[in-house]
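Okay, coords.pdb now, which holds PDB, C-alpha atoms:
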ATOM      1  CA  MET A   6       1.669 -13.921  40.737  1.00  0.00           C
ATOM      2  CA  ARG A   7      -2.016 -13.490  39.945  1.00  0.00           C
ATOM      3  CA  ASP A   8      -2.366 -10.668  42.467  1.00  0.00           C
ATOM      4  CA  LEU A   9       0.679  -8.983  40.972  1.00  0.00           C
ATOM      5  CA  VAL A  10      -0.807  -9.043  37.464  1.00  0.00           C
ATOM      6  CA  ILE A  11      -4.126  -7.719  38.768  1.00  0.00           C
ATOM      7  CA  GLY A  12      -2.404  -4.948  40.724  1.00  0.00           C
ATOM      8  CA  VAL A  13      -0.271  -3.897  37.769  1.00  0.00           C
ATOM      9  CA  LEU A  14      -3.322  -3.808  35.482  1.00  0.00           C
ATOM     10  CA  ALA A  15      -5.312  -1.770  38.025  1.00  0.00           C
ATOM     11  CA  ILE A  16      -2.485   0.710  38.584  1.00  0.00           C
ATOM     12  CA  ALA A  17      -1.922   1.073  34.829  1.00  0.00           C
ATOM     13  CA  GLY A  18      -5.625   1.732  34.269  1.00  0.00           C
ATOM     14  CA  ALA A  19      -5.815   4.243  37.113  1.00  0.00           C
ATOM     15  CA  SER A  20      -2.693   5.962  35.732  1.00  0.00           C
ATOM     16  CA  PHE A  21      -4.438   6.413  32.394  1.00  0.00           C
ATOM     17  CA  VAL A  22      -7.441   7.972  34.142  1.00  0.00           C
ATOM     18  CA  LEU A  23      -5.059  10.290  36.020  1.00  0.00           C
ATOM     19  CA  LEU A  24      -3.375  11.232  32.731  1.00  0.00           C
ATOM     20  CA  ALA A  25      -6.790  12.025  31.282  1.00  0.00           C
ATOM     21  CA  GLY A  26      -7.536  14.256  34.275  1.00  0.00           C
ATOM     22  CA  ALA A  27      -4.195  16.025  33.879  1.00  0.00           C
ATOM     23  CA  GLY A  28      -4.947  16.569  30.197  1.00  0.00           C
ATOM     24  CA  VAL A  29      -8.393  17.966  30.965  1.00  0.00           C
ATOM     25  CA  VAL A  30      -6.884  20.431  33.418  1.00  0.00           C
ATOM     26  CA  ARG A  31      -3.808  21.397  31.407  1.00  0.00           C
ATOM     27  CA  PHE A  32      -4.841  21.474  27.745  1.00  0.00           C
ATOM     28  CA  PRO A  33      -5.644  24.887  26.267  1.00  0.00           C
ATOM     29  CA  ASP A  34      -8.973  24.440  24.435  1.00  0.00           C
ATOM     30  CA  LEU A  35     -12.111  22.285  24.411  1.00  0.00           C
ATOM     31  CA  TYR A  36     -11.123  19.974  21.560  1.00  0.00           C
ATOM     32  CA  ALA A  37      -7.775  19.068  23.096  1.00  0.00           C
ATOM     33  CA  ARG A  38      -9.454  18.448  26.466  1.00  0.00           C
ATOM     34  CA  MET A  39     -12.090  16.262  24.840  1.00  0.00           C
ATOM     35  CA  HIS A  40      -9.356  14.316  23.045  1.00  0.00           C
ATOM     36  CA  ALA A  41      -7.590  13.599  26.350  1.00  0.00           C
ATOM     37  CA  ALA A  42     -10.755  12.834  28.327  1.00  0.00           C
ATOM     38  CA  THR A  43     -12.246  10.434  25.771  1.00  0.00           C
ATOM     39  CA  LYS A  44      -9.299   8.300  24.706  1.00  0.00           C
ATOM     40  CA  ALA A  45      -7.290   7.993  27.891  1.00  0.00           C
ATOM     41  CA  THR A  46     -10.298   7.150  30.081  1.00  0.00           C
ATOM     42  CA  THR A  47     -11.417   4.509  27.567  1.00  0.00           C
ATOM     43  CA  ILE A  48      -8.117   2.627  27.738  1.00  0.00           C
ATOM     44  CA  GLY A  49      -8.007   3.154  31.516  1.00  0.00           C
ATOM     45  CA  ILE A  50     -11.422   1.599  32.091  1.00  0.00           C
ATOM     46  CA  ALA A  51     -10.462  -1.255  29.739  1.00  0.00           C
ATOM     47  CA  LEU A  52      -7.372  -2.136  31.802  1.00  0.00           C
ATOM     48  CA  ILE A  53      -9.261  -1.899  35.102  1.00  0.00           C
ATOM     49  CA  GLY A  54     -12.082  -3.951  33.571  1.00  0.00           C
ATOM     50  CA  ILE A  55      -9.664  -6.717  32.556  1.00  0.00           C
ATOM     51  CA  ALA A  56      -8.277  -6.759  36.098  1.00  0.00           C
ATOM     52  CA  GLY A  57     -11.801  -7.010  37.500  1.00  0.00           C
ATOM     53  CA  ALA A  58     -12.890  -9.697  35.049  1.00  0.00           C
ATOM     54  CA  VAL A  59      -9.890 -11.824  36.077  1.00  0.00           C
ATOM     55  CA  THR A  60     -10.483 -11.288  39.806  1.00  0.00           C
ATOM     56  CA  ILE A  61     -14.226 -11.509  40.382  1.00  0.00           C
ATOM     57  CA  ASP A  62     -15.721 -14.936  39.802  1.00  0.00           C
ATOM     58  CA  HIS A  63     -19.309 -14.280  38.758  1.00  0.00           C
ATOM     59  CA  GLY A  64     -18.903 -10.665  37.693  1.00  0.00           C
ATOM     60  CA  ALA A  65     -16.842 -10.929  34.514  1.00  0.00           C
ATOM     61  CA  ALA A  66     -19.862 -10.572  32.222  1.00  0.00           C
ATOM     62  CA  LYS A  67     -21.144  -7.430  33.966  1.00  0.00           C
ATOM     63  CA  ILE A  68     -17.721  -5.789  34.020  1.00  0.00           C
ATOM     64  CA  LEU A  69     -17.180  -6.538  30.354  1.00  0.00           C
ATOM     65  CA  LEU A  70     -20.664  -5.168  29.611  1.00  0.00           C
ATOM     66  CA  ALA A  71     -19.870  -1.901  31.409  1.00  0.00           C
ATOM     67  CA  THR A  72     -16.520  -1.688  29.589  1.00  0.00           C
ATOM     68  CA  ALA A  73     -18.194  -2.383  26.242  1.00  0.00           C
ATOM     69  CA  ILE A  74     -20.823   0.320  26.900  1.00  0.00           C
ATOM     70  CA  ILE A  75     -18.085   2.869  27.570  1.00  0.00           C
ATOM     71  CA  PHE A  76     -16.129   1.692  24.526  1.00  0.00           C
ATOM     72  CA  VAL A  77     -19.138   2.173  22.260  1.00  0.00           C
ATOM     73  CA  THR A  78     -20.588   5.350  23.769  1.00  0.00           C
ATOM     74  CA  ALA A  79     -17.465   7.412  24.554  1.00  0.00           C
ATOM     75  CA  PRO A  80     -16.569   8.216  20.903  1.00  0.00           C
ATOM     76  CA  SER A  81     -20.132   9.118  19.967  1.00  0.00           C
ATOM     77  CA  ALA A  82     -20.572  11.250  23.099  1.00  0.00           C
ATOM     78  CA  ALA A  83     -17.359  13.107  22.260  1.00  0.00           C
ATOM     79  CA  HIS A  84     -18.615  13.542  18.705  1.00  0.00           C
ATOM     80  CA  PHE A  85     -21.878  15.066  19.935  1.00  0.00           C
ATOM     81  CA  ILE A  86     -20.110  17.528  22.228  1.00  0.00           C
ATOM     82  CA  GLY A  87     -17.585  18.455  19.544  1.00  0.00           C
ATOM     83  CA  ARG A  88     -20.316  19.057  16.987  1.00  0.00           C
ATOM     84  CA  ALA A  89     -22.419  21.130  19.384  1.00  0.00           C
ATOM     85  CA  ALA A  90     -19.428  23.205  20.453  1.00  0.00           C
ATOM     86  CA  TYR A  91     -18.296  23.759  16.860  1.00  0.00           C
ATOM     87  CA  ARG A  92     -21.707  24.869  15.678  1.00  0.00           C
ATOM     88  CA  VAL A  93     -22.430  27.120  18.626  1.00  0.00           C
ATOM     89  CA  GLU A  94     -19.088  28.458  19.789  1.00  0.00           C
ATOM     90  CA  GLY A  95     -16.925  28.092  16.697  1.00  0.00           C
ATOM     91  CA  VAL A  96     -13.292  27.002  16.767  1.00  0.00           C
ATOM     92  CA  THR A  97     -11.084  28.977  19.094  1.00  0.00           C
ATOM     93  CA  ALA A  98      -8.293  26.438  18.804  1.00  0.00           C
ATOM     94  CA  ARG A  99      -5.034  27.205  17.044  1.00  0.00           C
ATOM     95  CA  LEU A 100      -5.206  25.318  13.760  1.00  0.00           C
ATOM     96  CA  ASP A 101      -2.091  24.383  11.847  1.00  0.00           C
ATOM     97  CA  ALA A 102      -4.052  23.827   8.660  1.00  0.00           C
ATOM     98  CA  HIS A 103      -7.006  25.303   6.844  1.00  0.00           C
ATOM     99  CA  ASP A 104     -10.434  24.793   8.494  1.00  0.00           C
ATOM    100  CA  ASP A 105     -12.224  22.746   5.815  1.00  0.00           C
ATOM    101  CA  LEU A 106     -15.357  22.201   7.917  1.00  0.00           C
ATOM    102  CA  HIS A 107     -15.872  25.963   8.141  1.00  0.00           C
ATOM    103  CA  ASP A 108     -15.965  26.238   4.321  1.00  0.00           C
ATOM    104  CA  LEU A 109     -18.340  23.288   4.134  1.00  0.00           C
ATOM    105  CA  THR A 110     -20.815  24.731   6.631  1.00  0.00           C
ATOM    106  CA  GLN A 111     -20.591  28.162   4.982  1.00  0.00           C
ATOM    107  CA  SER A 112     -21.399  26.765   1.510  1.00  0.00           C
ATOM    108  CA  GLU A 113     -24.340  24.841   3.007  1.00  0.00           C
ATOM    109  CA  ARG A 114     -25.691  28.090   4.404  1.00  0.00           C
ATOM    110  CA  ASP A 115     -25.294  29.845   1.063  1.00  0.00           C
ATOM    111  CA  ASP A 116     -27.295  27.198  -0.817  1.00  0.00           C
TER
ATOM    112  CA  MET B  13      -1.523  -2.243  45.045  1.00  0.00           C
ATOM    113  CA  ILE B  14      -5.251  -1.705  44.698  1.00  0.00           C
ATOM    114  CA  ALA B  15      -4.914   1.105  47.256  1.00  0.00           C
ATOM    115  CA  VAL B  16      -2.319   2.807  45.024  1.00  0.00           C
ATOM    116  CA  ALA B  17      -4.722   2.523  42.090  1.00  0.00           C
ATOM    117  CA  PHE B  18      -7.431   4.116  44.233  1.00  0.00           C
ATOM    118  CA  VAL B  19      -5.170   7.071  45.027  1.00  0.00           C
ATOM    119  CA  LEU B  20      -4.315   7.599  41.343  1.00  0.00           C
ATOM    120  CA  LEU B  21      -8.000   7.366  40.454  1.00  0.00           C
ATOM    121  CA  ALA B  22      -8.917   9.901  43.140  1.00  0.00           C
ATOM    122  CA  LEU B  23      -6.317  12.350  41.810  1.00  0.00           C
ATOM    123  CA  GLY B  24      -7.705  11.943  38.297  1.00  0.00           C
ATOM    124  CA  GLY B  25     -11.235  12.477  39.590  1.00  0.00           C
ATOM    125  CA  ALA B  26     -10.095  15.642  41.397  1.00  0.00           C
ATOM    126  CA  CYS B  27      -8.700  16.965  38.089  1.00  0.00           C
ATOM    127  CA  PHE B  28     -12.010  16.295  36.322  1.00  0.00           C
ATOM    128  CA  LEU B  29     -13.897  17.923  39.190  1.00  0.00           C
ATOM    129  CA  ALA B  30     -11.693  21.029  39.025  1.00  0.00           C
ATOM    130  CA  ARG B  31     -12.465  21.420  35.324  1.00  0.00           C
ATOM    131  CA  ALA B  32     -16.180  20.756  35.890  1.00  0.00           C
ATOM    132  CA  ILE B  33     -16.303  23.522  38.488  1.00  0.00           C
ATOM    133  CA  GLY B  34     -13.983  25.929  36.698  1.00  0.00           C
ATOM    134  CA  GLY B  35     -15.537  25.818  33.228  1.00  0.00           C
ATOM    135  CA  PRO B  36     -15.033  28.128  31.338  1.00  0.00           C
ATOM    136  CA  SER B  37     -17.616  27.005  28.755  1.00  0.00           C
ATOM    137  CA  LEU B  38     -20.558  24.660  29.265  1.00  0.00           C
ATOM    138  CA  ALA B  39     -19.042  22.142  26.821  1.00  0.00           C
ATOM    139  CA  ASP B  40     -15.930  21.966  29.025  1.00  0.00           C
ATOM    140  CA  ARG B  41     -18.100  21.115  31.996  1.00  0.00           C
ATOM    141  CA  VAL B  42     -19.934  18.406  30.070  1.00  0.00           C
ATOM    142  CA  VAL B  43     -16.630  16.826  28.982  1.00  0.00           C
ATOM    143  CA  ALA B  44     -15.354  16.935  32.565  1.00  0.00           C
ATOM    144  CA  VAL B  45     -18.515  15.334  33.970  1.00  0.00           C
ATOM    145  CA  ASP B  46     -18.271  12.604  31.314  1.00  0.00           C
ATOM    146  CA  GLY B  47     -14.738  11.859  32.493  1.00  0.00           C
ATOM    147  CA  LEU B  48     -15.940  11.908  36.096  1.00  0.00           C
ATOM    148  CA  VAL B  49     -18.585   9.283  35.303  1.00  0.00           C
ATOM    149  CA  VAL B  50     -15.940   6.989  33.783  1.00  0.00           C
ATOM    150  CA  THR B  51     -13.817   7.542  36.903  1.00  0.00           C
ATOM    151  CA  ILE B  52     -16.779   6.514  39.076  1.00  0.00           C
ATOM    152  CA  VAL B  53     -17.256   3.299  37.051  1.00  0.00           C
ATOM    153  CA  ALA B  54     -13.556   2.517  37.443  1.00  0.00           C
ATOM    154  CA  ALA B  55     -13.824   3.161  41.198  1.00  0.00           C
ATOM    155  CA  ILE B  56     -16.778   0.774  41.487  1.00  0.00           C
ATOM    156  CA  VAL B  57     -14.825  -1.951  39.673  1.00  0.00           C
ATOM    157  CA  LEU B  58     -11.770  -1.341  41.882  1.00  0.00           C
ATOM    158  CA  HIS B  59     -13.933  -1.541  44.994  1.00  0.00           C
ATOM    159  CA  SER B  60     -15.352  -4.842  43.748  1.00  0.00           C
ATOM    160  CA  ILE B  61     -11.821  -6.158  43.166  1.00  0.00           C
ATOM    161  CA  ARG B  62     -10.720  -5.103  46.646  1.00  0.00           C
ATOM    162  CA  HIS B  63     -13.610  -6.811  48.416  1.00  0.00           C
ATOM    163  CA  ASP B  64     -13.960  -9.612  45.851  1.00  0.00           C
ATOM    164  CA  THR B  65     -17.705  -9.106  45.511  1.00  0.00           C
ATOM    165  CA  ASP B  66     -20.026  -8.766  42.520  1.00  0.00           C
ATOM    166  CA  ARG B  67     -22.724  -6.809  44.348  1.00  0.00           C
ATOM    167  CA  PHE B  68     -22.006  -3.384  42.895  1.00  0.00           C
ATOM    168  CA  LEU B  69     -21.342  -4.360  39.301  1.00  0.00           C
ATOM    169  CA  ASP B  70     -24.942  -3.732  38.242  1.00  0.00           C
ATOM    170  CA  VAL B  71     -24.430  -0.171  39.437  1.00  0.00           C
ATOM    171  CA  ALA B  72     -21.319   0.110  37.269  1.00  0.00           C
ATOM    172  CA  VAL B  73     -23.278  -0.936  34.164  1.00  0.00           C
ATOM    173  CA  VAL B  74     -26.105   1.515  34.870  1.00  0.00           C
ATOM    174  CA  VAL B  75     -23.764   4.416  35.690  1.00  0.00           C
ATOM    175  CA  ALA B  76     -21.829   3.797  32.456  1.00  0.00           C
ATOM    176  CA  PHE B  77     -25.035   4.055  30.450  1.00  0.00           C
ATOM    177  CA  ILE B  78     -26.453   7.038  32.374  1.00  0.00           C
ATOM    178  CA  GLY B  79     -23.169   8.837  31.710  1.00  0.00           C
ATOM    179  CA  PHE B  80     -23.685   8.525  27.974  1.00  0.00           C
ATOM    180  CA  VAL B  81     -27.295   9.684  28.196  1.00  0.00           C
ATOM    181  CA  GLY B  82     -26.283  12.670  30.314  1.00  0.00           C
ATOM    182  CA  THR B  83     -23.462  13.689  27.969  1.00  0.00           C
ATOM    183  CA  THR B  84     -25.745  13.441  24.946  1.00  0.00           C
ATOM    184  CA  ALA B  85     -28.406  15.506  26.718  1.00  0.00           C
ATOM    185  CA  GLY B  86     -25.784  18.118  27.560  1.00  0.00           C
ATOM    186  CA  ALA B  87     -24.621  18.283  23.943  1.00  0.00           C
ATOM    187  CA  ARG B  88     -28.219  18.615  22.732  1.00  0.00           C
ATOM    188  CA  PHE B  89     -28.796  21.379  25.254  1.00  0.00           C
ATOM    189  CA  ILE B  90     -25.721  23.292  24.084  1.00  0.00           C
ATOM    190  CA  GLU B  91     -26.846  22.984  20.469  1.00  0.00           C
ATOM    191  CA  ARG B  92     -30.467  24.003  21.117  1.00  0.00           C
ATOM    192  CA  ARG B  93     -29.654  26.844  23.458  1.00  0.00           C
ATOM    193  CA  GLY B  94     -27.352  28.367  20.874  1.00  0.00           C
ATOM    194  CA  ALA B  95     -24.982  30.169  23.186  1.00  0.00           C
TER
END
Starting from the file, give its structure as structure tokens.
Amino acid sequence: MRDLVIGVLAIAGASFVLLAGAGVVRFPDLYARMHAATKATTIGIALIGIAGAVTIDHGAAKILLATAIIFVTAPSAAHFIGRAAYRVEGVTARLDAHDDLHDLTQSERDD
Amino acid sequence: MIAVAFVLLALGGACFLARAIGGPSLADRVVAVDGLVVTIVAAIVLHSIRHDTDRFLDVAVVVAFIGFVGTTAGARFIERRGA
């Protein structure tokens, strides 16, 4: 029973990482790829981390620490890349709405 | 079942690697390498589960943190370089 739960958690986590990889390969522009890579890998590592914390006797603290580091750093890392790419390369993505950030950065330059 | 998880993880890592090699922009490569680092951490944890050992978990913690530092450095580089 315990092995079954651990196996299901591990396979679910690995599936999320695979989905993230598929998104990174298939999505059309940088922001969509970043969206897939950041969120899906975070939940994938969380599921695998839970499986590991249940299985390994003296390693639960370290696994949870690694998971927590990824949980905290993944959003900020994605933010840094998105900001750098926006400032340097501009948005090439298809936007359904008006690009408010463009207006904001333009008015800052005018001041 | 852990072996199945390893196969799925390897396929995901191959996808990240393809994007890291293929580009097209530097930011795409940085995103792909960030995903690859998370995949490596997951692989270390899976290996530890399979062999029921806690020897490599320190490595997982350090790799997770180095991944963040590397991604941030890449983003800074893109911003400074201005191209």
Which of these, A:Leu23, A:Ile74, A:Val93, A:Ala82, has the shortest distance to B:Phe77 once you count all atoms listed in the file? A:Ile74
Selection as a ChimeraX atom specification: residues within 10 Å of (-10.7, 4.4, 35.4), counting all atoms listed in the file: /A:15-23,25,45-54 /B:17-18,20-22,24-25,47-58
Take the residues just selected and output them with C-alpha atoms as an mmCIF file, keeping the file's coordinate frame.
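Output below, filename again_28.cif:
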data_model
loop_
_atom_site.group_PDB
_atom_site.id
_atom_site.type_symbol
_atom_site.label_atom_id
_atom_site.label_comp_id
_atom_site.auth_asym_id
_atom_site.auth_seq_id
_atom_site.Cartn_x
_atom_site.Cartn_y
_atom_site.Cartn_z
ATOM 1 C CA ALA A 15 -5.312 -1.770 38.025
ATOM 2 C CA ILE A 16 -2.485 0.710 38.584
ATOM 3 C CA ALA A 17 -1.922 1.073 34.829
ATOM 4 C CA GLY A 18 -5.625 1.732 34.269
ATOM 5 C CA ALA A 19 -5.815 4.243 37.113
ATOM 6 C CA SER A 20 -2.693 5.962 35.732
ATOM 7 C CA PHE A 21 -4.438 6.413 32.394
ATOM 8 C CA VAL A 22 -7.441 7.972 34.142
ATOM 9 C CA LEU A 23 -5.059 10.290 36.020
ATOM 10 C CA ALA A 25 -6.790 12.025 31.282
ATOM 11 C CA ALA A 45 -7.290 7.993 27.891
ATOM 12 C CA THR A 46 -10.298 7.150 30.081
ATOM 13 C CA THR A 47 -11.417 4.509 27.567
ATOM 14 C CA ILE A 48 -8.117 2.627 27.738
ATOM 15 C CA GLY A 49 -8.007 3.154 31.516
ATOM 16 C CA ILE A 50 -11.422 1.599 32.091
ATOM 17 C CA ALA A 51 -10.462 -1.255 29.739
ATOM 18 C CA LEU A 52 -7.372 -2.136 31.802
ATOM 19 C CA ILE A 53 -9.261 -1.899 35.102
ATOM 20 C CA GLY A 54 -12.082 -3.951 33.571
ATOM 21 C CA ALA B 17 -4.722 2.523 42.090
ATOM 22 C CA PHE B 18 -7.431 4.116 44.233
ATOM 23 C CA LEU B 20 -4.315 7.599 41.343
ATOM 24 C CA LEU B 21 -8.000 7.366 40.454
ATOM 25 C CA ALA B 22 -8.917 9.901 43.140
ATOM 26 C CA GLY B 24 -7.705 11.943 38.297
ATOM 27 C CA GLY B 25 -11.235 12.477 39.590
ATOM 28 C CA GLY B 47 -14.738 11.859 32.493
ATOM 29 C CA LEU B 48 -15.940 11.908 36.096
ATOM 30 C CA VAL B 49 -18.585 9.283 35.303
ATOM 31 C CA VAL B 50 -15.940 6.989 33.783
ATOM 32 C CA THR B 51 -13.817 7.542 36.903
ATOM 33 C CA ILE B 52 -16.779 6.514 39.076
ATOM 34 C CA VAL B 53 -17.256 3.299 37.051
ATOM 35 C CA ALA B 54 -13.556 2.517 37.443
ATOM 36 C CA ALA B 55 -13.824 3.161 41.198
ATOM 37 C CA ILE B 56 -16.778 0.774 41.487
ATOM 38 C CA VAL B 57 -14.825 -1.951 39.673
ATOM 39 C CA LEU B 58 -11.770 -1.341 41.882
#
Restrict the distance test to all atoms listed in the file, flag each residue of chain B within 8 Å of chain A, and return the flagged residues as an MDAnalysis selection string. chainID B and resid 13:14 16:18 20:21 23:28 30:31 39:40 42:44 47 50:51 53:54 57:58 60:61 64:66 69:70 72:74 76:77 80 83:84 86:88 90:91 94:95
Nearest candidate to B:His59 (options B:Val45, B:Val71, B:Ile33, B:Leu38; using all atoms listed in the file):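 Among the listed residues, B:Val71 lies closest to B:His59.
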For atom CA of B:Val81 and atom CA of B:Asp46, the interatomic separation in Å (one decimal): 10.0 Å
For a test of reading the model, state the distance in Å between atom CA of B:Gly82 and atom CA of A:His107, rounded to one decimal.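 About the pair atom CA of B:Gly82 and atom CA of A:His107: they are 27.9 Å apart.
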Two-atom distance - atom CA of B:Pro36, atom CA of B:Phe89 (Å):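 According to the coordinates, atom CA of B:Pro36 and atom CA of B:Phe89 are separated by 16.5 Å.
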Kindly provide, as lines of an AutoDock Vina configuration file, the centre and edge lengths (Å, one decimal) of an axis-aligned box around all atoms of stretch 50-59 of chain A given in the file, with 8 Å on each side.
center_x = -10.1
center_y = -5.1
center_z = 33.6
size_x = 21.5
size_y = 29.4
size_z = 23.8
